[in-house]
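Scroll down for the structure; my scribbles are underneath it.
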Amino acid sequence: MAAAWAAAVAVMLLLAQVSAAAPVMGPAFLWAPKNYGFSSDEAKEIVHYQTVSPKSLVKSVLEEGGWSNLVCSREDHAKSVDVAVLFLGSKLQSSDISKDKQADSTLVDTLKNSFASSEFSMAFPYIAMSDDDKLEKSLLSGFAENCNNGFGDNHITYTDTCSVSEDLNKHHNMDSIHGLVASQTKKNPSGQTDLIVFCDGGFKDNTKSEGELLSELVTLLKKSGAKYTILYASQPFGLLENPSNLPLGRYLAEKTNTTKPGRGKCDGECLVKSTLLEGSFVGIVLLIILISGLKCMMGIDTPSKFDAPPES
C-alpha cells in the first residue's frame, strides 16, 4: 500500500512539473481593413483556438492570411497591398485580452478595434514560445523557409531596435516610416509590397508605450491612403501561463455573434498534450481503484480454520 501511495504522489508531482514547464503564451493578430484578395471566402474575425508554435503561425499567415503573395518574391504577381507590417511586441500576454484592467489599455483597445472593424481579420490567442527563442528570428526565418520563390530581402525594412546588422534599411523614427509609405502609394501597381518589421520598443530613443506606437502606426497608415495589412505578435518574456486556465478563447467566442471558430484541426503538438492528459487521468483513476481494492482485501476477516460439522 505504501508503494502504491508513493506512485500516486510521483504521478501528481510529474503533472505539476509538466504544468510548471508550460511555454510562454502570447497572442497574435492579423488584419487588413479590406480583403485585398487574401481569401475567396468570408474571412472576418476568424479565431484559431489551438496552441501553435511560431512556425505554425507563419504557415497560417502565409496560406490563410494571403501573405505568401506579399513577402515572397514573385515577378508575375500584381501588387495588391502597398505595405505589410510585422509588429513585434513584448507586453501582451494571452490572458490580458479578457481582463477588465489593462497595463496598456491603448494597446488592447487598438487590437480589439482593428480586429473587429477590418474586413479581413484572424486571431491566434495561444502562441507557444520559450524565452530562448527570439520571436523576430523565428518568424523571419519561417517566412524565408516557406517562400518557395525566395524571401524579398530587398523590400524589407526594420526599426533600429531589430537585431539585424544592416543599418541601411532601418527606420529611426516614425517620420521615416511615413516617407516609405508615401513613396509606396505612388509606385507602379505591379511593384512589390514593402515589409516593415517593427521590433520590440520601436526606436532606440522611444519614450512611448507599445500601445501608443501601434496606435500611431495604424493612424499613419489610415491617413496615407495606402493599402496595408498588419501582423501583431507578442512574446512576453519570463511569464509562464497554463493555457487551460486562460479565458481568452471563450471571451473571443462570445464577444460577437459573427465570430467564427478556427478552421484548423488539432495539430501534432495538440494531440500529444491531449493524449498525455488523458493517459494521466486514466492512470490516476486506476491507481485509486487499485489502492481501494487492496485496502478492502486487507480488511476481510476470514477464519483460519473451519470446525468439522457435527455428526448426526
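Labeling convention for the C-alpha cells: chains A, B, ... as they appear, residues from 1 per chain, ligands from 1 in order of appearance.
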Can you pull out every residue from segment 77-119 of chain A that DSSP, working from the backbone, puts in strand (DSSP E), and format the result as a list in words? Val83, Ala84, Val85, Leu86, Phe87, Leu88 and Gly89 of chain A
Given only C-alpha atoms as the counted atoms, nearest of A:Ser176, A:Ser209, A:Ser280, A:Asn146 to Ser60 of chain A: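 Residue with the minimum atom-to-atom distance to Ser60 of chain A: A:Asn146.
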Considering only C-alpha atoms, state which residue in the set A:Val85, A:Met174, A:Ala32, A:Ala123 is at the smallest distance from Gly202 of chain A. A:Met174
Between atom CA of Val218 of chain A and atom CA of Asn206 of chain A - distance in Å to one decimal: 17.2 Å
Can you list, as a VMD selection string, every protein, DNA or RNA residue that comes within 8 Å of Ser121 of chain A when you count only C-alpha atoms, leaving out same-chain residues fewer than 2 positions away? chain A and resid 29 to 32 43 to 46 115 to 116 118 to 119 123
How about saving the chosen residues, C-alpha atoms kept, as an mmCIF file, in the first residue's frame?
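The file below, out_38.cif, is the result:
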data_model
loop_
_atom_site.group_PDB
_atom_site.id
_atom_site.type_symbol
_atom_site.label_atom_id
_atom_site.label_comp_id
_atom_site.auth_asym_id
_atom_site.auth_seq_id
_atom_site.Cartn_x
_atom_site.Cartn_y
_atom_site.Cartn_z
ATOM 1 C CA PHE A 29 -3.492 39.159 -34.581
ATOM 2 C CA LEU A 30 -3.610 39.604 -38.347
ATOM 3 C CA TRP A 31 -5.872 42.132 -40.011
ATOM 4 C CA ALA A 32 -6.399 44.261 -43.098
ATOM 5 C CA ALA A 43 -12.660 35.591 -43.536
ATOM 6 C CA LYS A 44 -13.702 38.014 -40.806
ATOM 7 C CA GLU A 45 -12.857 37.557 -37.137
ATOM 8 C CA ILE A 46 -11.551 34.004 -37.510
ATOM 9 C CA PHE A 115 -9.702 43.159 -35.314
ATOM 10 C CA ALA A 116 -13.433 43.907 -35.190
ATOM 11 C CA SER A 118 -11.484 45.110 -40.513
ATOM 12 C CA GLU A 119 -12.943 43.135 -43.397
ATOM 13 C CA ALA A 123 -6.606 35.804 -34.221
#
Hey, what's within 7 Å of segment 233-237 of chain A if we count only C-alpha atoms and toss same-chain stuff fewer than 2 positions away? As a ChimeraX atom specification, please? /A:24,26-29,87-93,131,135,231,239
Okay, now the selection with N, CA and C atoms, as a compact mmCIF listing (two decimals), in the first residue's frame?
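Result file follows (selection_30.txt):
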# COMPACT_ATOMS: atom_id res chain seq x y z
N VAL A 24 5.88 30.03 -22.67
CA VAL A 24 5.34 31.37 -22.63
C VAL A 24 4.24 31.48 -23.67
N GLY A 26 1.74 33.96 -25.80
CA GLY A 26 1.44 35.30 -26.28
C GLY A 26 0.49 35.23 -27.45
N PRO A 27 -0.33 36.24 -27.67
CA PRO A 27 -1.29 36.21 -28.78
C PRO A 27 -0.71 36.80 -30.06
N ALA A 28 -1.39 36.57 -31.15
CA ALA A 28 -1.04 37.18 -32.44
C ALA A 28 -2.34 37.54 -33.16
N PHE A 29 -2.33 38.68 -33.85
CA PHE A 29 -3.49 39.16 -34.58
C PHE A 29 -3.06 39.60 -35.98
N PHE A 87 4.52 43.69 -36.60
CA PHE A 87 4.71 44.43 -35.35
C PHE A 87 4.98 43.43 -34.23
N LEU A 88 6.17 43.48 -33.65
CA LEU A 88 6.59 42.54 -32.61
C LEU A 88 6.56 43.24 -31.26
N GLY A 89 5.74 42.72 -30.36
CA GLY A 89 5.62 43.31 -29.02
C GLY A 89 6.14 42.37 -27.96
N SER A 90 6.10 42.85 -26.71
CA SER A 90 6.58 42.03 -25.59
C SER A 90 5.78 42.28 -24.32
N LYS A 91 4.69 43.04 -24.40
CA LYS A 91 3.96 43.42 -23.20
C LYS A 91 2.65 42.66 -23.01
N LEU A 92 2.15 42.02 -24.05
CA LEU A 92 0.81 41.44 -24.00
C LEU A 92 0.87 39.93 -23.82
N GLN A 93 0.18 39.43 -22.78
CA GLN A 93 0.01 38.00 -22.59
C GLN A 93 -1.33 37.56 -23.17
N ASP A 131 11.65 31.48 -23.76
CA ASP A 131 12.49 32.67 -23.60
C ASP A 131 13.77 32.59 -24.43
N LEU A 135 11.34 35.88 -31.03
CA LEU A 135 10.22 35.85 -31.96
C LEU A 135 10.60 36.45 -33.31
N LEU A 231 0.43 42.34 -39.05
CA LEU A 231 0.51 41.15 -38.20
C LEU A 231 1.15 41.57 -36.88
N LEU A 239 7.22 35.15 -18.50
CA LEU A 239 5.90 34.99 -17.91
C LEU A 239 5.33 33.66 -18.36
Find the residues near Ile196 of chain A: any atom within 12 Å, counting only C-alpha atoms, skip ones fewer than 6 places away on the same chain, and give them as a PyMOL selection string. chain A and resi 70-71+82-88+140+152-160+162+169-171+174+176-178+180-181+184+202+217+228-232
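Comparing A:Gly299, A:Pro54, A:Gly279, A:Pro309 by their smallest distance to Phe143 of chain A, the closest is A:Pro54 (using only C-alpha atoms).
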Just checking: using only C-alpha atoms, which residue out of A:Asp100, A:Asn69, A:Leu290, A:Pro303 ends up closest to Tyr36 of chain A?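 Among A:Asp100, A:Asn69, A:Leu290, A:Pro303, it is A:Asn69 that comes nearest to Tyr36 of chain A.
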Just want the 9 Å neighbourhood of Ser53 of chain A, counted on only C-alpha atoms, with same-chain residues fewer than 6 positions away dropped. Output as a list in words.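 These residues fall inside the cut-off: Tyr126, Ile127, Ala128, Met129 and Glu269 of chain A.
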Restricting the output to N, CA, C and O atoms, write the selected residues as a PDB file, in the first residue's frame.
ATOM      1  N   TYR A 126      -3.128  31.688 -28.615  1.00  0.00           N
ATOM      2  CA  TYR A 126      -2.098  30.966 -27.882  1.00  0.00           C
ATOM      3  C   TYR A 126      -0.924  30.608 -28.792  1.00  0.00           C
ATOM      4  O   TYR A 126      -0.982  29.631 -29.535  1.00  0.00           O
ATOM      5  N   ILE A 127       0.124  31.417 -28.751  1.00  0.00           N
ATOM      6  CA  ILE A 127       1.372  31.128 -29.457  1.00  0.00           C
ATOM      7  C   ILE A 127       2.390  30.679 -28.409  1.00  0.00           C
ATOM      8  O   ILE A 127       2.750  31.447 -27.513  1.00  0.00           O
ATOM      9  N   ALA A 128       2.820  29.428 -28.507  1.00  0.00           N
ATOM     10  CA  ALA A 128       3.746  28.870 -27.523  1.00  0.00           C
ATOM     11  C   ALA A 128       5.173  29.230 -27.883  1.00  0.00           C
ATOM     12  O   ALA A 128       5.651  28.890 -28.963  1.00  0.00           O
ATOM     13  N   MET A 129       5.842  29.924 -26.984  1.00  0.00           N
ATOM     14  CA  MET A 129       7.225  30.358 -27.217  1.00  0.00           C
ATOM     15  C   MET A 129       8.045  30.114 -25.961  1.00  0.00           C
ATOM     16  O   MET A 129       7.509  29.988 -24.869  1.00  0.00           O
ATOM     17  N   GLU A 269       1.238  18.790 -31.916  1.00  0.00           N
ATOM     18  CA  GLU A 269       1.526  19.184 -30.539  1.00  0.00           C
ATOM     19  C   GLU A 269       0.278  19.088 -29.673  1.00  0.00           C
ATOM     20  O   GLU A 269       0.322  18.653 -28.518  1.00  0.00           O
TER      21      GLU A 269
END
Using only C-alpha atoms, which of A:Pro125, A:Gly225, A:Gly201, A:Pro310 sits nearest Leu57 of chain A?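 Checking each candidate against Leu57 of chain A, we get A:Pro125 as the closest.
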Using only C-alpha atoms: which of A:Thr185, A:Ser274, A:Thr106, A:Ser130 has the shortest distance to Leu213 of chain A: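 Using only C-alpha atoms, the shortest distance to Leu213 of chain A belongs to A:Thr106.
In this structure, atom CA of Val52 of chain A sits 12.6 Å away from atom CA of Ser94 of chain A.
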